[in-house]
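Note sheet for the following structure.
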Amino acid sequence: MSKVEDFLTSVEESQIIDAIKTAEKNTSGEIRVHLEKSSTKAPLERAKEVFSFLNMNNTKDHNGVLFYVAVDDKQFAVLGDQGIDKVVANDFWNSIKDIVVNRFSQNNYALGLKEGILETGKKLKEYFPYQSDDDDELSNDISLG
């Protein structure tokens, strides 16, 4: 089994998917998590490629968010679509990243992702509140590369 498959237990995967669903109840934003073994690229650059590959730039309000992890490289990035970046402060993602990285440094990967996802939902609520006619535009499942 690769480290990607060992990174989260099935219970932790379910907790993260539940966190995505909870966060998306606060916002029309769409949140995904992508795990892969490694990348030769900087985490943010690779996250941009994965973002595009997962068609996250095709949401109605361009408000998708990707939590990207290269497991073996111990690299992480959080990336929001252009609709988010147009309305939030430049340091918007720093607090989310700090939450995740802090937990990761304690080898608490699932909790880091869960807390980062929930905080993202709370923060996006201000700019992209949930609407009763919102569609869940992207899968909530964790994707593996």
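Ligands are numbered from 1 in the order shown, chains are lettered A, B, ... in the order of the structure tokens, and residues start at 1 in each chain.
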Next on the checklist: When DSSP is applied to the backbone of this structure, which of chain A are assigned alpha helix (DSSP H)? Write them out as number ranges by chain.
Outcome noted: A: 3-7, 10-24, 43-53, 82-85, 92-105, 109-127
Could the residues in this selection be saved with C-alpha atoms as a tab-separated table (two decimals), in the first residue's frame?
```tsv
chain	number	residue	atom	x	y	z
A	3	LYS	CA	1.57	6.27	1.65
A	4	VAL	CA	-1.32	8.02	-0.12
A	5	GLU	CA	-3.64	5.15	0.79
A	6	ASP	CA	-2.26	5.10	4.35
A	7	PHE	CA	-2.46	8.86	4.81
A	10	SER	CA	-11.51	5.23	6.15
A	11	VAL	CA	-13.02	6.83	9.28
A	12	GLU	CA	-10.89	9.96	8.75
A	13	GLU	CA	-11.89	10.10	5.09
A	14	SER	CA	-15.55	10.01	6.16
A	15	GLN	CA	-14.93	12.77	8.70
A	16	ILE	CA	-13.34	14.96	6.02
A	17	ILE	CA	-16.20	14.34	3.59
A	18	ASP	CA	-18.65	15.22	6.39
A	19	ALA	CA	-16.64	18.42	7.05
A	20	ILE	CA	-16.95	19.34	3.36
A	21	LYS	CA	-20.71	18.80	3.48
A	22	THR	CA	-21.00	20.87	6.67
A	23	ALA	CA	-18.85	23.68	5.28
A	24	GLU	CA	-20.87	23.77	2.07
A	43	PRO	CA	2.67	22.67	-4.24
A	44	LEU	CA	0.75	25.74	-5.37
A	45	GLU	CA	1.71	25.17	-9.02
A	46	ARG	CA	0.66	21.53	-8.81
A	47	ALA	CA	-2.56	22.53	-7.03
A	48	LYS	CA	-3.39	24.81	-9.98
A	49	GLU	CA	-2.99	21.87	-12.38
A	50	VAL	CA	-5.15	19.59	-10.23
A	51	PHE	CA	-7.73	22.37	-9.84
A	52	SER	CA	-8.06	22.54	-13.60
A	53	PHE	CA	-7.98	18.75	-14.05
A	82	GLN	CA	-10.79	33.61	-9.23
A	83	GLY	CA	-14.27	34.50	-7.96
A	84	ILE	CA	-13.01	34.19	-4.40
A	85	ASP	CA	-9.72	35.94	-5.04
A	92	PHE	CA	-7.34	35.43	3.17
A	93	TRP	CA	-5.81	31.99	2.69
A	94	ASN	CA	-3.00	32.43	5.23
A	95	SER	CA	-5.20	31.73	8.26
A	96	ILE	CA	-6.61	28.60	6.61
A	97	LYS	CA	-3.13	27.42	5.67
A	98	ASP	CA	-1.87	28.12	9.21
A	99	ILE	CA	-4.61	25.93	10.73
A	100	VAL	CA	-3.79	23.02	8.43
A	101	VAL	CA	-0.01	23.31	8.66
A	102	ASN	CA	-0.15	23.57	12.46
A	103	ARG	CA	-2.07	20.30	12.72
A	104	PHE	CA	0.09	18.65	10.07
A	105	SER	CA	3.21	19.53	12.10
A	109	TYR	CA	-3.48	15.29	9.13
A	110	ALA	CA	-7.18	14.51	9.21
A	111	LEU	CA	-7.86	17.09	11.92
A	112	GLY	CA	-5.86	19.70	10.01
A	113	LEU	CA	-7.88	19.15	6.84
A	114	LYS	CA	-11.16	19.00	8.75
A	115	GLU	CA	-10.53	22.23	10.68
A	116	GLY	CA	-9.25	23.99	7.55
A	117	ILE	CA	-12.32	22.95	5.58
A	118	LEU	CA	-14.75	24.04	8.30
A	119	GLU	CA	-12.99	27.40	8.66
A	120	THR	CA	-13.13	27.86	4.89
A	121	GLY	CA	-16.90	27.36	4.97
A	122	LYS	CA	-17.27	29.94	7.74
A	123	LYS	CA	-15.10	32.51	5.98
A	124	LEU	CA	-16.69	32.03	2.55
A	125	LYS	CA	-20.17	32.46	4.06
A	126	GLU	CA	-19.50	36.22	4.21
A	127	TYR	CA	-18.80	36.47	0.48
```
Checklist entry - So which bits of segment 7-139 of chain A end up strand (DSSP E or B) when you DSSP the backbone, as a ChimeraX atom specification? => result /A:27,30-36,64-70,75-80,129
Next on the checklist: Please list as a list of chain:residue names every residue within 7 Å of Phe67 of chain A, counting only C-alpha atoms and excluding residues in the same chain fewer than 6 positions away.
Outcome noted: A:Arg32, A:Val33, A:His34, A:Ala77, A:Val78, A:Leu79
Please dump the current selection as a PDB file, in the first residue's frame; keep C-alpha atoms.
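Now in again.pdb:
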```
ATOM      1  CA  ARG A  32     -12.434  19.472  -2.686  1.00  0.00           C
ATOM      2  CA  VAL A  33      -9.489  17.569  -1.212  1.00  0.00           C
ATOM      3  CA  HIS A  34      -6.877  15.968  -3.452  1.00  0.00           C
ATOM      4  CA  ALA A  77      -1.473  24.111  -0.661  1.00  0.00           C
ATOM      5  CA  VAL A  78      -4.915  25.627  -0.485  1.00  0.00           C
ATOM      6  CA  LEU A  79      -6.166  27.283  -3.655  1.00  0.00           C
TER       7      LEU A  79
END
```
Checklist entry - Near Asp134 of chain A, within 10 Å and counting only C-alpha atoms, which residues show up once chain neighbours fewer than 6 positions away are dropped, as number ranges by chain? => result A: 24-25, 27-29, 60
Would you export the selected residues with all heavy atoms as a tab-separated table (two decimals), in the first residue's frame, please?
```tsv
chain	number	residue	atom	x	y	z
A	24	GLU	N	-20.09	23.34	3.23
A	24	GLU	CA	-20.87	23.77	2.07
A	24	GLU	C	-22.31	24.12	2.43
A	24	GLU	O	-23.02	24.71	1.62
A	24	GLU	CB	-20.80	22.72	0.97
A	24	GLU	CG	-19.43	22.65	0.31
A	24	GLU	CD	-19.33	21.63	-0.81
A	24	GLU	OE1	-20.31	20.89	-1.06
A	24	GLU	OE2	-18.25	21.58	-1.43
A	25	LYS	N	-22.75	23.80	3.66
A	25	LYS	CA	-24.07	24.25	4.11
A	25	LYS	C	-24.05	25.73	4.46
A	25	LYS	O	-25.09	26.37	4.53
A	25	LYS	CB	-24.52	23.44	5.34
A	25	LYS	CG	-24.93	22.04	5.00
A	25	LYS	CD	-25.36	21.29	6.24
A	25	LYS	CE	-25.69	19.85	5.89
A	25	LYS	NZ	-26.01	19.05	7.09
A	27	THR	N	-22.05	27.96	2.69
A	27	THR	CA	-21.60	28.75	1.55
A	27	THR	C	-21.97	28.07	0.24
A	27	THR	O	-22.13	26.84	0.19
A	27	THR	CB	-20.07	28.96	1.62
A	27	THR	OG1	-19.65	29.69	0.46
A	27	THR	CG2	-19.30	27.66	1.68
A	28	SER	N	-22.05	28.86	-0.81
A	28	SER	CA	-22.23	28.29	-2.15
A	28	SER	C	-20.89	27.82	-2.71
A	28	SER	O	-20.84	27.22	-3.77
A	28	SER	CB	-22.85	29.31	-3.09
A	28	SER	OG	-21.99	30.43	-3.26
A	29	GLY	N	-19.81	28.08	-1.98
A	29	GLY	CA	-18.48	27.62	-2.39
A	29	GLY	C	-18.42	26.11	-2.45
A	29	GLY	O	-19.17	25.41	-1.77
A	60	LYS	N	-20.34	27.87	-11.12
A	60	LYS	CA	-21.11	29.04	-11.55
A	60	LYS	C	-20.49	30.36	-11.06
A	60	LYS	O	-20.36	31.31	-11.82
A	60	LYS	CB	-22.55	28.91	-11.05
A	60	LYS	CG	-23.46	30.06	-11.41
A	60	LYS	CD	-24.85	29.86	-10.89
A	60	LYS	CE	-24.85	30.13	-9.41
A	60	LYS	NZ	-26.14	30.30	-8.78
```
Checklist entry - Which distance in Å separates atom CA of Leu54 of chain A and atom CA of Leu8 of chain A, to one decimal? => result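 Pair atom CA of Leu54 of chain A / atom CA of Leu8 of chain A returns 20.7 Å.
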Item to check | Nearest to Asp135 of chain A, chosen from A:Gln106, A:Thr59, A:Thr9, A:Ser38, with only C-alpha atoms counted in the distances | outcome: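 Checking each candidate against Asp135 of chain A, we get A:Thr59 as the closest.
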